[in-house]
Each structure stands twice: as C-alpha cells, then as structure tokens.
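Visitor: You'll find coords_22.csv just under this line, and it carries CSV, N, CA and C atoms.
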chain,number,residue,atom,x,y,z
A,4,MET,N,-85.1,-34.4,61.2
A,4,MET,CA,-84.5,-33.6,62.4
A,4,MET,C,-83.0,-34.0,62.4
A,5,PRO,N,-82.1,-33.0,62.4
A,5,PRO,CA,-80.6,-33.2,62.4
A,5,PRO,C,-80.2,-33.7,63.8
A,6,HIS,N,-79.2,-34.6,63.7
A,6,HIS,CA,-78.6,-35.1,65.0
A,6,HIS,C,-77.6,-34.1,65.5
A,7,THR,N,-77.8,-33.8,66.8
A,7,THR,CA,-76.9,-32.9,67.5
A,7,THR,C,-76.3,-33.7,68.7
A,8,PRO,N,-75.0,-33.7,68.8
A,8,PRO,CA,-74.4,-34.5,69.9
A,8,PRO,C,-74.7,-33.8,71.2
A,9,THR,N,-74.9,-34.6,72.2
A,9,THR,CA,-75.2,-34.0,73.5
A,9,THR,C,-74.0,-34.1,74.5
A,10,SER,N,-73.1,-34.9,74.2
A,10,SER,CA,-71.9,-35.0,75.0
A,10,SER,C,-70.8,-35.8,74.3
A,11,GLY,N,-69.7,-35.9,74.9
A,11,GLY,CA,-68.6,-36.7,74.3
A,11,GLY,C,-67.8,-36.0,73.3
A,12,ALA,N,-67.4,-36.8,72.3
A,12,ALA,CA,-66.4,-36.3,71.3
A,12,ALA,C,-67.0,-35.1,70.5
A,13,GLY,N,-68.3,-35.1,70.3
A,13,GLY,CA,-68.9,-34.0,69.5
A,13,GLY,C,-68.7,-32.7,70.2
A,14,ASP,N,-68.9,-32.7,71.6
A,14,ASP,CA,-68.7,-31.4,72.3
A,14,ASP,C,-67.3,-31.0,72.3
A,15,VAL,N,-66.4,-31.9,72.3
A,15,VAL,CA,-65.0,-31.5,72.3
A,15,VAL,C,-64.6,-30.9,71.0
A,16,ALA,N,-65.1,-31.5,69.9
A,16,ALA,CA,-64.8,-30.9,68.5
A,16,ALA,C,-65.5,-29.5,68.4
A,17,GLN,N,-66.7,-29.4,68.9
A,17,GLN,CA,-67.3,-28.1,68.8
A,17,GLN,C,-66.5,-27.0,69.6
A,18,THR,N,-66.1,-27.4,70.8
A,18,THR,CA,-65.3,-26.5,71.6
A,18,THR,C,-64.0,-26.1,70.9
A,19,GLN,N,-63.4,-27.0,70.3
A,19,GLN,CA,-62.1,-26.8,69.7
A,19,GLN,C,-62.3,-25.8,68.5
A,20,ARG,N,-63.4,-25.9,67.8
A,20,ARG,CA,-63.7,-25.0,66.6
A,20,ARG,C,-63.9,-23.6,67.1
A,21,ARG,N,-64.5,-23.4,68.3
A,21,ARG,CA,-64.8,-22.1,68.8
A,21,ARG,C,-63.6,-21.4,69.3
A,22,LEU,N,-62.5,-22.1,69.6
A,22,LEU,CA,-61.3,-21.4,70.1
A,22,LEU,C,-60.6,-20.7,69.0
A,23,SER,N,-60.4,-19.4,69.1
A,23,SER,CA,-59.6,-18.7,68.2
A,23,SER,C,-58.2,-18.6,68.8
A,24,VAL,N,-57.2,-18.1,68.1
A,24,VAL,CA,-55.9,-18.0,68.6
A,24,VAL,C,-55.8,-17.2,69.9
A,25,PHE,N,-56.6,-16.1,69.9
A,25,PHE,CA,-56.6,-15.2,71.1
A,25,PHE,C,-57.3,-15.9,72.3
A,26,SER,N,-58.4,-16.6,72.0
A,26,SER,CA,-59.1,-17.2,73.2
A,26,SER,C,-58.3,-18.5,73.6
A,27,ALA,N,-57.5,-19.1,72.7
A,27,ALA,CA,-56.7,-20.2,73.1
A,27,ALA,C,-55.6,-19.8,74.0
A,28,LYS,N,-55.0,-18.6,73.7
A,28,LYS,CA,-53.9,-18.1,74.5
A,28,LYS,C,-54.5,-17.7,75.9
A,29,LYS,N,-55.6,-17.1,76.0
A,29,LYS,CA,-56.2,-16.8,77.3
A,29,LYS,C,-56.5,-18.0,78.1
A,30,ARG,N,-57.1,-19.1,77.4
A,30,ARG,CA,-57.4,-20.3,78.1
A,30,ARG,C,-56.1,-21.0,78.6
A,31,ALA,N,-55.0,-20.9,77.8
A,31,ALA,CA,-53.8,-21.5,78.2
A,31,ALA,C,-53.3,-20.8,79.5
A,32,GLN,N,-53.4,-19.5,79.5
A,32,GLN,CA,-53.0,-18.7,80.7
A,32,GLN,C,-53.9,-19.1,81.9
A,33,GLU,N,-55.2,-19.3,81.7
A,33,GLU,CA,-56.1,-19.7,82.8
A,33,GLU,C,-55.7,-21.1,83.3
A,34,LEU,N,-55.4,-22.0,82.4
A,34,LEU,CA,-55.0,-23.3,82.8
A,34,LEU,C,-53.6,-23.3,83.5
A,35,GLN,N,-52.7,-22.5,83.1
A,35,GLN,CA,-51.4,-22.4,83.8
A,35,GLN,C,-51.6,-21.9,85.2
A,36,ILE,N,-52.5,-20.9,85.4
A,36,ILE,CA,-52.8,-20.4,86.8
A,36,ILE,C,-53.4,-21.6,87.6
A,37,GLU,N,-54.2,-22.4,87.0
A,37,GLU,CA,-54.8,-23.5,87.8
A,37,GLU,C,-53.7,-24.6,88.1
A,38,VAL,N,-52.8,-24.8,87.2
A,38,VAL,CA,-51.7,-25.8,87.4
A,38,VAL,C,-50.9,-25.3,88.6
A,39,ASP,N,-50.6,-24.0,88.5
A,39,ASP,CA,-49.7,-23.4,89.6
A,39,ASP,C,-50.5,-23.5,91.0
A,40,ARG,N,-51.8,-23.3,91.0
A,40,ARG,CA,-52.5,-23.4,92.2
A,40,ARG,C,-52.5,-24.8,92.7
A,41,LEU,N,-52.7,-25.7,91.8
A,41,LEU,CA,-52.7,-27.1,92.2
A,41,LEU,C,-51.3,-27.6,92.7
A,42,GLN,N,-50.3,-27.1,92.0
A,42,GLN,CA,-48.9,-27.5,92.5
A,42,GLN,C,-48.7,-27.0,93.9
A,43,HIS,N,-49.1,-25.8,94.1
A,43,HIS,CA,-49.0,-25.2,95.5
A,43,HIS,C,-49.7,-26.1,96.5
A,44,LEU,N,-50.9,-26.5,96.2
A,44,LEU,CA,-51.6,-27.4,97.1
A,44,LEU,C,-50.9,-28.7,97.4
A,45,VAL,N,-50.4,-29.3,96.3
A,45,VAL,CA,-49.6,-30.5,96.4
A,45,VAL,C,-48.4,-30.3,97.3
A,46,ASP,N,-47.7,-29.2,97.0
A,46,ASP,CA,-46.5,-28.9,97.9
A,46,ASP,C,-46.9,-28.7,99.3
A,47,ARG,N,-48.0,-28.0,99.5
A,47,ARG,CA,-48.4,-27.7,100.9
A,47,ARG,C,-48.8,-29.0,101.6
A,48,MET,N,-49.4,-30.0,100.9
A,48,MET,CA,-49.8,-31.2,101.5
A,48,MET,C,-48.6,-32.1,101.9
A,49,GLY,N,-47.5,-31.8,101.3
A,49,GLY,CA,-46.3,-32.5,101.7
A,49,GLY,C,-46.0,-33.8,101.0
A,50,LEU,N,-45.7,-33.7,99.8
A,50,LEU,CA,-45.2,-34.9,99.1
A,50,LEU,C,-43.9,-35.4,99.6
A,51,ALA,N,-43.1,-34.5,100.2
A,51,ALA,CA,-41.9,-34.9,100.9
A,51,ALA,C,-42.2,-35.9,102.0
A,52,GLY,N,-43.3,-35.7,102.6
A,52,GLY,CA,-43.8,-36.6,103.7
A,52,GLY,C,-44.0,-38.0,103.1
A,53,VAL,N,-44.6,-38.0,101.9
A,53,VAL,CA,-44.9,-39.3,101.3
A,53,VAL,C,-43.6,-40.0,101.0
A,54,ALA,N,-42.6,-39.3,100.5
A,54,ALA,CA,-41.3,-39.9,100.2
A,54,ALA,C,-40.6,-40.4,101.5
A,55,ALA,N,-40.8,-39.7,102.5
A,55,ALA,CA,-40.2,-40.1,103.8
A,55,ALA,C,-40.9,-41.4,104.3
A,56,LEU,N,-42.2,-41.4,104.1
A,56,LEU,CA,-43.0,-42.6,104.5
A,56,LEU,C,-42.6,-43.8,103.7
A,57,ASP,N,-42.4,-43.6,102.4
A,57,ASP,CA,-42.0,-44.7,101.5
A,57,ASP,C,-40.6,-45.2,101.9
A,58,ALA,N,-39.7,-44.3,102.3
A,58,ALA,CA,-38.3,-44.7,102.7
A,58,ALA,C,-38.5,-45.5,104.0
A,59,GLU,N,-39.3,-45.1,104.9
A,59,GLU,CA,-39.5,-45.8,106.2
A,59,GLU,C,-40.1,-47.2,106.0
A,60,SER,N,-41.1,-47.3,105.0
A,60,SER,CA,-41.7,-48.5,104.7
A,60,SER,C,-40.6,-49.5,104.1
A,61,THR,N,-39.7,-49.0,103.3
A,61,THR,CA,-38.7,-49.8,102.7
A,61,THR,C,-37.7,-50.3,103.8
A,62,ARG,N,-37.4,-49.4,104.8
A,62,ARG,CA,-36.5,-49.8,105.9
A,62,ARG,C,-37.2,-50.9,106.8
A,63,LEU,N,-38.5,-50.7,107.1
A,63,LEU,CA,-39.2,-51.6,107.9
A,63,LEU,C,-39.3,-53.0,107.3
A,64,THR,N,-39.5,-53.0,105.9
A,64,THR,CA,-39.6,-54.2,105.2
A,64,THR,C,-38.3,-55.0,105.3
A,65,ALA,N,-37.2,-54.3,105.2
A,65,ALA,CA,-35.9,-54.9,105.3
A,65,ALA,C,-35.7,-55.4,106.7
A,66,ASP,N,-36.1,-54.7,107.7
A,66,ASP,CA,-36.0,-55.1,109.1
A,66,ASP,C,-36.8,-56.4,109.4
A,67,VAL,N,-38.0,-56.5,108.8
A,67,VAL,CA,-38.9,-57.7,109.0
A,67,VAL,C,-38.1,-58.9,108.4
A,68,ALA,N,-37.6,-58.7,107.2
A,68,ALA,CA,-36.9,-59.8,106.6
A,68,ALA,C,-35.7,-60.3,107.4
A,69,ARG,N,-34.9,-59.3,108.0
A,69,ARG,CA,-33.8,-59.6,108.8
A,69,ARG,C,-34.2,-60.3,110.1
A,70,LEU,N,-35.3,-59.9,110.7
A,70,LEU,CA,-35.8,-60.5,111.9
A,70,LEU,C,-36.4,-61.9,111.7
A,71,GLN,N,-37.0,-62.1,110.5
A,71,GLN,CA,-37.5,-63.4,110.2
A,71,GLN,C,-36.3,-64.4,110.1
A,72,HIS,N,-35.2,-63.9,109.5
A,72,HIS,CA,-34.0,-64.8,109.3
A,72,HIS,C,-33.4,-65.1,110.7
A,73,GLU,N,-33.4,-64.1,111.6
A,73,GLU,CA,-32.9,-64.3,112.9
A,73,GLU,C,-33.7,-65.3,113.7
A,74,LYS,N,-35.1,-65.2,113.5
A,74,LYS,CA,-36.0,-66.2,114.1
A,74,LYS,C,-35.7,-67.6,113.7
A,75,VAL,N,-35.5,-67.8,112.4
A,75,VAL,CA,-35.2,-69.1,111.9
A,75,VAL,C,-33.9,-69.6,112.6
A,76,ASP,N,-32.9,-68.8,112.6
A,76,ASP,CA,-31.6,-69.1,113.3
A,76,ASP,C,-31.8,-69.5,114.8
A,77,LEU,N,-32.7,-68.8,115.4
A,77,LEU,CA,-32.9,-69.0,116.9
A,77,LEU,C,-33.8,-70.2,117.1
A,78,ASP,N,-34.7,-70.5,116.2
A,78,ASP,CA,-35.6,-71.6,116.3
A,78,ASP,C,-34.9,-73.0,116.2
A,79,GLN,N,-33.8,-73.0,115.4
A,79,GLN,CA,-33.0,-74.3,115.3
A,79,GLN,C,-32.5,-74.8,116.6
A,80,PRO,N,-31.8,-74.1,117.4
A,80,PRO,CA,-31.3,-74.7,118.7
A,80,PRO,C,-32.5,-74.9,119.6
A,81,ILE,N,-33.5,-74.2,119.6
A,81,ILE,CA,-34.7,-74.4,120.4
A,81,ILE,C,-35.3,-75.7,120.1
A,82,THR,N,-35.5,-76.0,118.8
A,82,THR,CA,-36.1,-77.2,118.3
A,82,THR,C,-35.2,-78.4,118.7
A,83,ALA,N,-33.9,-78.2,118.6
A,83,ALA,CA,-33.0,-79.3,119.0
A,83,ALA,C,-33.0,-79.5,120.5
A,84,ALA,N,-33.1,-78.5,121.3
A,84,ALA,CA,-33.2,-78.6,122.7
A,84,ALA,C,-34.5,-79.3,123.1
A,85,ARG,N,-35.6,-79.0,122.5
A,85,ARG,CA,-36.9,-79.6,122.8
A,85,ARG,C,-36.8,-81.1,122.4
A,86,GLY,N,-36.1,-81.4,121.3
A,86,GLY,CA,-35.9,-82.9,121.0
A,86,GLY,C,-35.1,-83.6,122.0
A,87,SER,N,-34.1,-83.0,122.5
A,87,SER,CA,-33.3,-83.6,123.6
A,87,SER,C,-34.1,-83.7,124.8
A,88,LEU,N,-34.8,-82.8,125.2
A,88,LEU,CA,-35.7,-82.8,126.4
A,88,LEU,C,-36.7,-83.9,126.3
A,89,GLY,N,-37.3,-84.1,125.1
A,89,GLY,CA,-38.2,-85.2,124.9
A,89,GLY,C,-37.6,-86.6,125.0
A,90,THR,N,-36.3,-86.7,124.5
A,90,THR,CA,-35.6,-87.9,124.6
A,90,THR,C,-35.3,-88.2,126.1
A,91,LEU,N,-34.8,-87.2,126.8
A,91,LEU,CA,-34.5,-87.4,128.3
A,91,LEU,C,-35.7,-87.7,129.1
A,92,SER,N,-36.9,-87.1,128.8
A,92,SER,CA,-38.1,-87.4,129.6
A,92,SER,C,-38.6,-88.8,129.3
A,93,ARG,N,-38.4,-89.3,128.1
A,93,ARG,CA,-38.8,-90.7,127.8
A,93,ARG,C,-37.9,-91.7,128.5
A,94,ARG,N,-36.7,-91.4,128.7
A,94,ARG,CA,-35.7,-92.3,129.4
A,94,ARG,C,-36.0,-92.4,130.9
A,95,ALA,N,-36.6,-91.3,131.4
A,95,ALA,CA,-36.7,-91.3,132.9
A,95,ALA,C,-37.9,-92.1,133.3
Taking this structure as input, can you express it in the form of structure tokens?
Guide:
Amino acid sequence: MPHTPTSGAGDVAQTQRRLSVFSAKKRAQELQIEVDRLQHLVDRMGLAGVAALDAESTRLTADVARLQHEKVDLDQPITAARGSLGTLSRRA
C-alpha cells in the first residue's frame, strides 16, 4: 500500500504542484483582497490608539521615576527630623 501524506509538508507540496500560472494569479488576487480587508479592520480598530497608549505609558513611567526621586529627597529631612525628635524626647 503506497504512503499518502495526510497533512503537513506533503499537502503543501501537492497544492503547489496543482497551481498553474493562471490559478496562481487568481489566488494572489484573492489573497490581496483578504490583505486589504484585514488592513481595513486593523485601521478601524485604531492602531493609532495603541501608539497613543504607548506614548502615555512612557510618559507615566517617566513620571513615576521622577516622583520616586522626589520622595527620596523629601524622606531625607523627615528622617533627620524624626531622629532629632527622638533625641529630644530621650532628653526630656
């Protein structure tokens, strides 16, 4: 009994052999129509919105880093003041 591929590379090779120049051109046109349809869907879904969200994320990340730096700067005098307060309360 001869071996016949049921899926995978064998199917692809068989399909490629069946394509003539004319059927390949027709298939290319069908695929271009599908690409155009999918591009329209992507545009409609708003990839510009994704770019805007990415920019906002970058801005917020920078804000977080800046605020963390400010917190460190503000924590230093607070820590010093707490130390002084502890020293004063021990003297009393």
Visitor: Measure the distance from CA of Leu44 in chain A to CA of Ala58 in chain A in Å and round it to one decimal.
Guide: 22.5 Å
Visitor: CA of Ser87 in chain A and CA of Lys74 in chain A are how many Å apart?
Guide: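 If I compute the distance from CA of Ser87 in chain A to CA of Lys74 in chain A, I get 20.0 Å.
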Visitor: In Å to one decimal, how far is CA of Arg62 in chain A from atom N of Val45 in chain A?
Guide: 26.6 Å
Visitor: Produce a table with one row for each residue of range 34-88 of chain A that has an atom at most 8 Å from any atom of range 23-30 of chain A, each row naming the nearest atom pair and its distance in Å at one decimal; use all atoms listed in the file; arrange rows by chain and rising residue number; format as CSV.
Guide:
residue,atom,partner,partner_atom,distance
A:Leu34,N,A:Arg30,C,4.0
A:Gln35,N,A:Arg30,C,5.8
A:Ile36,N,A:Arg30,C,7.7
Visitor: If I only have part of range 21-35 of chain A, can you fill in N, CA, C and O atoms and write it as a compact mmCIF listing (two decimals), in the frame of the given file?
Guide:
# COMPACT_ATOMS: atom_id res chain seq x y z
N ARG A 21 -64.50 -23.40 68.30
CA ARG A 21 -64.80 -22.10 68.80
C ARG A 21 -63.60 -21.40 69.30
O ARG A 21 -63.63 -20.18 69.49
N LEU A 22 -62.50 -22.10 69.60
CA LEU A 22 -61.30 -21.40 70.10
C LEU A 22 -60.60 -20.70 69.00
O LEU A 22 -60.12 -21.31 68.02
N SER A 23 -60.40 -19.40 69.10
CA SER A 23 -59.60 -18.70 68.20
C SER A 23 -58.20 -18.60 68.80
O SER A 23 -57.91 -19.10 69.91
N VAL A 24 -57.20 -18.10 68.10
CA VAL A 24 -55.90 -18.00 68.60
C VAL A 24 -55.80 -17.20 69.90
O VAL A 24 -55.17 -17.52 70.83
N PHE A 25 -56.60 -16.10 69.90
CA PHE A 25 -56.60 -15.20 71.10
C PHE A 25 -57.30 -15.90 72.30
O PHE A 25 -56.79 -15.88 73.43
N SER A 26 -58.40 -16.60 72.00
CA SER A 26 -59.10 -17.20 73.20
C SER A 26 -58.30 -18.50 73.60
O SER A 26 -58.30 -18.80 74.81
N ALA A 27 -57.50 -19.10 72.70
CA ALA A 27 -56.70 -20.20 73.10
C ALA A 27 -55.60 -19.80 74.00
O ALA A 27 -55.23 -20.42 75.02
N LYS A 28 -55.00 -18.60 73.70
CA LYS A 28 -53.90 -18.10 74.50
C LYS A 28 -54.50 -17.70 75.90
O LYS A 28 -53.82 -18.05 76.94
N LYS A 29 -55.60 -17.10 76.00
CA LYS A 29 -56.20 -16.80 77.30
C LYS A 29 -56.50 -18.00 78.10
O LYS A 29 -56.28 -18.11 79.25
N ARG A 30 -57.10 -19.10 77.40
CA ARG A 30 -57.40 -20.30 78.10
C ARG A 30 -56.10 -21.00 78.60
O ARG A 30 -56.10 -21.55 79.68
N ALA A 31 -55.00 -20.90 77.80
CA ALA A 31 -53.80 -21.50 78.20
C ALA A 31 -53.30 -20.80 79.50
O ALA A 31 -52.75 -21.45 80.41
N GLN A 32 -53.40 -19.50 79.50
CA GLN A 32 -53.00 -18.70 80.70
C GLN A 32 -53.90 -19.10 81.90
O GLN A 32 -53.35 -19.31 83.04
N GLU A 33 -55.20 -19.30 81.70
CA GLU A 33 -56.10 -19.70 82.80
C GLU A 33 -55.70 -21.10 83.30
O GLU A 33 -55.62 -21.34 84.53
N LEU A 34 -55.40 -22.00 82.40
CA LEU A 34 -55.00 -23.30 82.80
C LEU A 34 -53.60 -23.30 83.50
O LEU A 34 -53.44 -24.08 84.48
N GLN A 35 -52.70 -22.50 83.10
CA GLN A 35 -51.40 -22.40 83.80
C GLN A 35 -51.60 -21.90 85.20
O GLN A 35 -50.96 -22.38 86.16
